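Asker: Supplied structure: coords05.cif, mmCIF, C-alpha atoms.
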```cif
data_upload
loop_
_atom_site.label_atom_id
_atom_site.label_comp_id
_atom_site.auth_asym_id
_atom_site.auth_seq_id
_atom_site.Cartn_x
_atom_site.Cartn_y
_atom_site.Cartn_z
CA MET A 1 -28.25 -22.33 -13.19
CA SER A 2 -31.89 -23.37 -13.38
CA SER A 3 -34.49 -20.83 -12.28
CA LEU A 4 -35.99 -23.69 -10.23
CA ALA A 5 -32.91 -23.86 -8.02
CA GLY A 6 -33.95 -23.25 -4.44
CA LYS A 7 -37.66 -23.03 -5.33
CA ARG A 8 -40.29 -25.03 -3.47
CA VAL A 9 -42.08 -27.39 -5.85
CA LEU A 10 -45.16 -29.39 -4.93
CA VAL A 11 -45.98 -32.42 -7.12
CA THR A 12 -48.92 -34.81 -6.89
CA ALA A 13 -48.60 -38.22 -8.53
CA GLY A 14 -50.53 -41.46 -8.90
CA GLY A 15 -54.22 -42.27 -8.66
CA THR A 16 -56.49 -42.07 -5.65
CA ARG A 17 -58.60 -44.98 -4.39
CA GLU A 18 -61.95 -44.32 -2.74
CA PRO A 19 -63.05 -47.22 -0.48
CA LEU A 20 -66.25 -49.14 -1.20
CA ASP A 21 -65.76 -51.58 1.68
CA ALA A 22 -62.87 -53.04 3.65
CA VAL A 23 -61.17 -54.47 0.53
CA ARG A 24 -62.72 -52.86 -2.58
CA PHE A 25 -62.30 -49.38 -3.98
CA ILE A 26 -63.09 -47.05 -6.88
CA GLY A 27 -59.84 -46.14 -8.59
CA ASN A 28 -58.14 -45.49 -11.91
CA ARG A 29 -55.21 -46.73 -13.98
CA SER A 30 -52.72 -43.99 -13.15
CA SER A 31 -49.33 -45.42 -12.22
CA GLY A 32 -47.76 -42.15 -11.06
CA ARG A 33 -44.99 -42.29 -13.67
CA MET A 34 -45.64 -38.79 -14.97
CA GLY A 35 -45.70 -37.17 -11.54
CA VAL A 36 -42.62 -39.08 -10.41
CA ALA A 37 -40.79 -37.97 -13.56
CA LEU A 38 -41.74 -34.35 -12.82
CA ALA A 39 -40.57 -34.64 -9.21
CA ALA A 40 -37.25 -36.18 -10.30
CA GLU A 41 -36.64 -33.51 -12.93
CA ALA A 42 -37.52 -30.66 -10.57
CA ARG A 43 -35.12 -32.11 -8.00
CA ARG A 44 -32.41 -32.43 -10.67
CA ARG A 45 -32.85 -28.71 -11.41
CA GLY A 46 -32.19 -27.85 -7.77
CA ALA A 47 -35.72 -27.44 -6.40
CA HIS A 48 -36.90 -28.51 -2.97
CA VAL A 49 -39.57 -31.03 -3.92
CA PHE A 50 -42.53 -32.25 -1.88
CA LEU A 51 -44.22 -35.25 -3.51
CA VAL A 52 -47.80 -36.19 -2.63
CA ALA A 53 -48.01 -39.85 -3.67
CA SER A 54 -51.28 -41.67 -4.32
CA ASN A 55 -50.81 -45.43 -4.66
CA LEU A 56 -47.71 -45.27 -6.84
CA ALA A 57 -46.86 -48.24 -9.08
CA VAL A 58 -43.28 -46.95 -9.43
CA PRO A 59 -40.74 -45.97 -6.75
CA PRO A 60 -40.50 -42.28 -5.80
CA PRO A 61 -37.31 -40.44 -6.72
CA LYS A 62 -34.56 -39.98 -4.19
CA GLY A 63 -34.01 -36.63 -2.54
CA VAL A 64 -37.63 -35.51 -2.28
CA ASP A 65 -39.93 -35.16 0.72
CA LEU A 66 -42.77 -37.66 0.49
CA ALA A 67 -46.30 -37.92 1.84
CA GLU A 68 -48.65 -40.81 1.13
CA ALA A 69 -52.14 -39.74 0.10
CA PRO A 70 -54.27 -42.73 -0.90
CA THR A 71 -57.64 -40.91 -1.17
CA ALA A 72 -58.84 -37.60 -2.60
CA ALA A 73 -59.34 -36.27 0.92
CA ASP A 74 -55.74 -37.17 1.75
CA VAL A 75 -54.51 -35.32 -1.34
CA ARG A 76 -56.49 -32.25 -0.36
CA ARG A 77 -55.04 -32.28 3.16
CA GLU A 78 -51.42 -32.65 2.03
CA VAL A 79 -51.74 -30.13 -0.79
CA SER A 80 -53.39 -27.59 1.52
CA GLU A 81 -50.42 -27.79 3.87
CA HIS A 82 -48.00 -26.92 1.04
CA ALA A 83 -50.23 -24.68 -1.12
CA ASP A 84 -47.76 -21.77 -0.81
CA ALA A 85 -45.13 -23.57 -2.93
CA ASP A 86 -43.54 -21.58 -5.74
CA VAL A 87 -44.62 -24.19 -8.29
CA VAL A 88 -47.50 -26.66 -8.02
CA LEU A 89 -47.73 -29.57 -10.48
CA MET A 90 -51.02 -31.43 -10.05
CA ALA A 91 -50.23 -34.59 -12.03
CA ALA A 92 -52.21 -37.07 -9.89
CA ALA A 93 -55.46 -38.56 -11.15
CA VAL A 94 -57.69 -37.57 -8.25
CA SER A 95 -61.10 -39.19 -8.14
CA ASP A 96 -64.03 -36.90 -8.95
CA TYR A 97 -66.42 -39.05 -6.89
CA ARG A 98 -66.39 -41.20 -3.76
CA PRO A 99 -68.93 -43.53 -2.13
CA VAL A 100 -71.26 -41.72 0.26
CA ALA A 101 -71.28 -44.56 2.79
CA PRO A 102 -68.38 -47.02 2.39
CA GLU A 103 -68.83 -50.21 4.39
CA SER A 104 -66.36 -50.96 7.19
CA THR A 105 -66.33 -54.72 6.53
CA LYS A 106 -66.08 -56.77 3.36
CA ARG A 107 -69.42 -57.06 1.57
CA SER A 108 -70.47 -60.63 0.83
CA LYS A 109 -70.45 -61.77 -2.78
CA GLU A 110 -73.65 -63.69 -2.03
CA ASP A 111 -75.62 -60.44 -2.09
CA GLU A 112 -77.52 -60.33 -5.39
CA SER A 113 -76.99 -56.64 -6.05
CA TRP A 114 -75.12 -53.67 -4.65
CA ARG A 115 -76.22 -50.10 -5.26
CA VAL A 116 -73.58 -47.52 -4.46
CA GLU A 117 -74.34 -43.82 -4.15
CA LEU A 118 -71.49 -41.49 -5.09
CA GLU A 119 -70.83 -37.89 -4.12
CA PRO A 120 -68.38 -35.41 -5.64
CA THR A 121 -64.99 -34.97 -4.03
CA VAL A 122 -63.61 -31.48 -3.42
CA ASP A 123 -61.97 -30.00 -6.52
CA VAL A 124 -58.48 -29.36 -5.13
CA LEU A 125 -57.20 -27.82 -8.35
CA ARG A 126 -60.05 -25.30 -8.41
CA GLU A 127 -59.30 -24.37 -4.78
CA LEU A 128 -55.65 -23.78 -5.65
CA GLY A 129 -56.61 -21.63 -8.63
CA GLU A 130 -58.94 -19.51 -6.51
CA SER A 131 -56.21 -18.83 -3.95
CA ARG A 132 -53.20 -18.68 -6.30
CA THR A 133 -50.79 -15.96 -5.29
CA ASN A 134 -48.89 -13.65 -7.61
CA GLY A 135 -45.72 -15.32 -8.82
CA GLN A 136 -46.89 -18.87 -8.14
CA VAL A 137 -46.98 -21.21 -11.15
CA LEU A 138 -49.92 -23.61 -11.07
CA VAL A 139 -50.00 -26.51 -13.52
CA GLY A 140 -52.98 -28.80 -14.02
CA PHE A 141 -53.39 -31.95 -16.08
CA ALA A 142 -56.32 -32.90 -18.31
CA ALA A 143 -56.65 -36.63 -18.97
CA GLU A 144 -59.38 -36.64 -21.60
CA THR A 145 -60.90 -38.94 -24.21
CA GLY A 146 -62.44 -38.24 -27.60
CA GLU A 147 -62.24 -35.45 -30.12
CA GLY A 148 -63.51 -32.79 -27.72
CA GLY A 149 -60.81 -33.44 -25.14
CA LEU A 150 -58.48 -30.65 -26.19
CA GLN A 151 -61.27 -28.10 -26.13
CA ARG A 152 -62.29 -29.24 -22.67
CA ALA A 153 -58.68 -28.75 -21.57
CA ARG A 154 -58.74 -25.19 -22.94
CA GLU A 155 -61.89 -24.48 -20.95
CA LYS A 156 -60.39 -26.03 -17.81
CA LEU A 157 -57.30 -23.81 -18.12
CA GLU A 158 -59.44 -20.69 -17.93
CA ARG A 159 -62.10 -21.97 -15.53
CA LYS A 160 -59.60 -23.06 -12.89
CA ASN A 161 -57.27 -20.06 -13.21
CA LEU A 162 -54.17 -22.06 -14.17
CA ASN A 163 -50.86 -20.94 -15.67
CA LEU A 164 -50.52 -24.16 -17.67
CA ILE A 165 -52.51 -27.29 -18.34
CA VAL A 166 -51.14 -30.49 -19.85
CA PHE A 167 -53.58 -32.36 -22.08
CA ASN A 168 -53.25 -36.01 -23.03
CA ASP A 169 -55.66 -38.48 -24.63
CA VAL A 170 -56.03 -41.41 -22.23
CA SER A 171 -58.15 -43.41 -24.68
CA ARG A 172 -54.90 -44.46 -26.38
CA GLU A 173 -53.21 -47.62 -25.11
CA ASP A 174 -49.67 -46.59 -26.09
CA VAL A 175 -49.48 -43.37 -24.05
CA GLY A 176 -50.87 -41.92 -20.85
CA PHE A 177 -52.15 -44.07 -18.02
CA ASP A 178 -49.80 -46.85 -16.95
CA ALA A 179 -47.59 -46.39 -20.04
CA PRO A 180 -43.88 -45.42 -20.08
CA GLU A 181 -44.47 -42.82 -22.81
CA ASN A 182 -46.81 -39.91 -23.29
CA GLU A 183 -47.89 -37.43 -25.96
CA VAL A 184 -49.21 -34.11 -24.72
CA VAL A 185 -50.24 -30.59 -25.55
CA ILE A 186 -49.08 -27.93 -23.08
CA LEU A 187 -51.59 -25.09 -23.01
CA SER A 188 -51.20 -21.61 -21.56
CA PRO A 189 -53.22 -18.41 -21.97
CA GLY A 190 -50.60 -17.38 -24.53
CA GLY A 191 -50.63 -20.44 -26.77
CA GLU A 192 -50.19 -24.17 -27.14
CA ARG A 193 -47.17 -26.44 -27.57
CA ARG A 194 -47.51 -30.02 -28.79
CA ILE A 195 -44.98 -32.57 -27.53
CA ASP A 196 -44.80 -35.67 -29.71
CA LYS A 197 -44.73 -39.16 -28.23
CA ALA A 198 -41.70 -39.54 -25.95
CA PRO A 199 -40.65 -41.15 -22.65
CA LYS A 200 -42.24 -39.47 -19.67
CA ASP A 201 -38.94 -38.11 -18.37
CA GLU A 202 -38.60 -36.18 -21.66
CA ILE A 203 -42.17 -34.94 -21.31
CA ALA A 204 -41.33 -33.81 -17.77
CA ARG A 205 -38.37 -31.81 -19.07
CA ALA A 206 -40.58 -30.08 -21.64
CA ILE A 207 -43.20 -29.21 -19.00
CA LEU A 208 -40.61 -27.80 -16.60
CA ASP A 209 -39.01 -25.81 -19.42
CA GLU A 210 -42.38 -24.09 -19.81
CA VAL A 211 -42.63 -23.58 -16.05
CA GLU A 212 -39.20 -21.95 -15.97
CA ARG A 213 -40.24 -19.50 -18.68
CA LEU A 214 -42.99 -18.31 -16.33
CA LEU A 215 -40.80 -17.89 -13.23
#
```
Could you take the file, read its structure, and then write that structure out as structure tokens?
Answerer:
Amino acid sequence: MSSLAGKRVLVTAGGTREPLDAVRFIGNRSSGRMGVALAAEARRRGAHVFLVASNLAVPPPKGVDLAEAPTAADVRREVSEHADADVVLMAAAVSDYRPVAPESTKRSKEDESWRVELEPTVDVLRELGESRTNGQVLVGFAAETGEGGLQRAREKLERKNLNLIVFNDVSREDVGFDAPENEVVILSPGGERRIDKAPKDEIARAILDEVERLL
């Protein structure tokens, strides 16, 4: 029997969209495939899964509880309500910034220029790390670009008090954002495990294998 059986697992998936006006937004290319794969695999292993879904491009798995969370503030609210889960998998690409003053109507294209001031969103992963209880497994994701990405993921693991962080290079077109496959490095305070390019459901199995070792 899986050590996840009967555990409460919180998963975030997708990419948030921060409104600019009534029709436009600041967003990202995340489809939610990785988070949905994690939710499906955790459910298959017998966990009670709560999925926080941000603008998914793929259908959610059956048998999970679902909450829609289109913006970073929505993600924070839903995650806060389930922050006592046994396992938290923060796979969503949550915006780091949002417009200070989004417009309530559609801005006219006839305007010659449009200056938008941005402000940071709340770092939900950092909040979870600061309040993480003994026995809880907290997993973050680091979507990075460039040669220094892996080192930044190592620093994020320690800075945010995580059990695991999953690094992937989103500058590649064949893996990561909006792709059916991924290639990752799973980092923990005890070491690193590289997972070669594979379908995201296989990547999900590898990540949850690591989670189970910590439970």
Asker: Quick check, in Å to one decimal: how far apart do CA of Glu210 in chain A and CA of Val88 in chain A lie?
Answerer: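 Rounded to one decimal, the two atoms are 13.1 Å apart.
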Asker: I'd like the interatomic distance between CA of Arg213 in chain A and CA of Gly135 in chain A, to a tenth of an Å.
Answerer: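 Straight-line distance from CA of Arg213 in chain A to CA of Gly135 in chain A works out to 12.0 Å.
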Asker: Between CA of Pro99 in chain A and CA of Phe167 in chain A, what distance in Å does the model show, to one decimal?
Answerer: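 Interatomic distance, CA of Pro99 in chain A to CA of Phe167 in chain A: 27.5 Å.
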Asker: So which residues touch Asn163 in chain A within 8 Å, counting only C-alpha atoms, skipping near sequence neighbours fewer than 6 positions away, as a short mmCIF file (atom, residue, chain, number, x, y, z; two decimals) with C-alpha atoms, in the frame of the given file?
Answerer:
```cif
data_model
loop_
_atom_site.label_atom_id
_atom_site.label_comp_id
_atom_site.auth_asym_id
_atom_site.auth_seq_id
_atom_site.Cartn_x
_atom_site.Cartn_y
_atom_site.Cartn_z
CA VAL A 137 -46.98 -21.21 -11.15
CA LEU A 138 -49.92 -23.61 -11.07
CA VAL A 139 -50.00 -26.51 -13.52
CA LEU A 157 -57.30 -23.81 -18.12
CA SER A 188 -51.20 -21.61 -21.56
CA PRO A 189 -53.22 -18.41 -21.97
#
```
Asker: What do you get, as a list in words, if you spell out every residue that the PyMOL selection byres ((chain A and resi 116) around 10) selects here?
Answerer: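 Given this file, the PyMOL selection byres ((chain A and resi 116) around 10) evaluates to Leu20, Arg98, Pro99, Val100, Ala101, Pro102, Ser113, Trp114, Arg115, Glu117 and Leu118 of chain A.
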Asker: Can you list what the PyMOL selection byres ((chain A and resi 68) around 7) grabs from this structure, as a VMD selection string?
Answerer: chain A and resid 52 to 54 66 to 67 69 to 70
Asker: With only C-alpha atoms counted and 10 Å as the cut-off, give the residues of range 59-115 of chain A in contact with range 44-50 of chain A, each with its shortest interatomic distance in Å and the pair that gives it, as a tab-separated table.
Answerer:
```
residue	atom	partner	partner_atom	distance
A:Gly63	CA	A:Val49	CA	8.0
A:Val64	CA	A:Val49	CA	5.2
A:Asp65	CA	A:Phe50	CA	4.7
A:Leu66	CA	A:Phe50	CA	5.9
A:Ala67	CA	A:Phe50	CA	7.8
A:Glu78	CA	A:Phe50	CA	9.7
A:Val79	CA	A:Phe50	CA	9.5
A:His82	CA	A:Phe50	CA	8.2
A:Ala85	CA	A:Phe50	CA	9.1
A:Asp86	CA	A:Ala47	CA	9.8
A:Val87	CA	A:Val49	CA	9.6
A:Val88	CA	A:Phe50	CA	9.7
```
Asker: Written as JSON, numbers by chain, which residues does the PyMOL selection byres ((chain A and resi 34-38) around 8) give for the file shown?
Answerer: {"A": [11, 12, 13, 14, 32, 33, 39, 40, 41, 42, 58, 60, 61, 89, 90, 91, 92, 200, 201, 204, 205, 208]}
Asker: Hey, can I get the axis-aligned box for range 160-167 of chain A? All listed atoms, 5 Å padding on each side, centre and edge lengths in Å to one decimal, as JSON.
Answerer:
```
{"center_x": -55.1, "center_y": -26.2, "center_z": -17.5, "size_x": 19.1, "size_y": 22.3, "size_z": 19.2}
```
Asker: What's around Ser131 in chain A at 12 Å? Count all atoms listed in the file, leave out sequence neighbours fewer than 2 positions away in its own chain, and write the answer as a list in words.
Answerer: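 After dropping sequence-adjacent residues, the list is Ser80, Ala83, Asp84, Val124, Leu125, Arg126, Glu127, Leu128, Gly129, Thr133, Asn134, Gln136, Val137, Leu138, Lys160, Asn161 and Leu162 of chain A.
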Asker: Write out as a VMD selection string the residues lying within 9 Å of Arg107 in chain A, counting all atoms listed in the file and excluding same-chain residues fewer than 6 positions away.
Answerer: chain A and resid 20 to 24
Asker: Ranking A:Leu51, A:Leu214, A:Val175, A:Val185 by minimum distance to Ser30 in chain A and counting all atoms listed in the file, which one comes first?
Answerer: A:Val175
Asker: Please provide as a compact mmCIF listing (two decimals) with C-alpha atoms, in the frame of the given file all residues within 9 Å of range 193-196 of chain A, with the sequence filter that same-chain residues fewer than 2 positions apart are discarded (counting all atoms listed in the file).
Answerer:
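Heads up, here's the output in selection.txt:
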```txt
# COMPACT_ATOMS: atom_id res chain seq x y z
CA ASN A 182 -46.81 -39.91 -23.29
CA GLU A 183 -47.89 -37.43 -25.96
CA VAL A 184 -49.21 -34.11 -24.72
CA VAL A 185 -50.24 -30.59 -25.55
CA ILE A 186 -49.08 -27.93 -23.08
CA LEU A 187 -51.59 -25.09 -23.01
CA SER A 188 -51.20 -21.61 -21.56
CA GLY A 191 -50.63 -20.44 -26.77
CA ALA A 198 -41.70 -39.54 -25.95
CA ILE A 203 -42.17 -34.94 -21.31
CA ALA A 206 -40.58 -30.08 -21.64
```
Asker: Name the closest residue to Val94 in chain A among the candidates A:Glu18, A:Glu202, A:Asp169, A:Glu147; distances are taken between atoms, counting all atoms listed in the file.
Answerer: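 Using all atoms listed in the file, Val94 in chain A sits closest to A:Glu18.
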Asker: Can you work out which one of A:Arg17, A:Glu110, A:Val166, A:Glu158 has the shortest atom-to-atom distance to Glu130 in chain A, counting only C-alpha atoms?
Answerer: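 Under the stated criterion, the closest residue is A:Glu158.
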Asker: For Pro180 in chain A, which of A:Glu112, A:Ser95, A:Arg77, A:Ala57 is the closest residue, counting all atoms listed in the file?
Answerer: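 The answer is A:Ala57, which sits nearest to Pro180 in chain A.
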Asker: Could you pull the residues within 7 Å of Ser3 in chain A, counting only C-alpha atoms, minus those fewer than 2 positions along the same chain, as a PyMOL selection string?
Answerer: chain A and resi 1+5+212
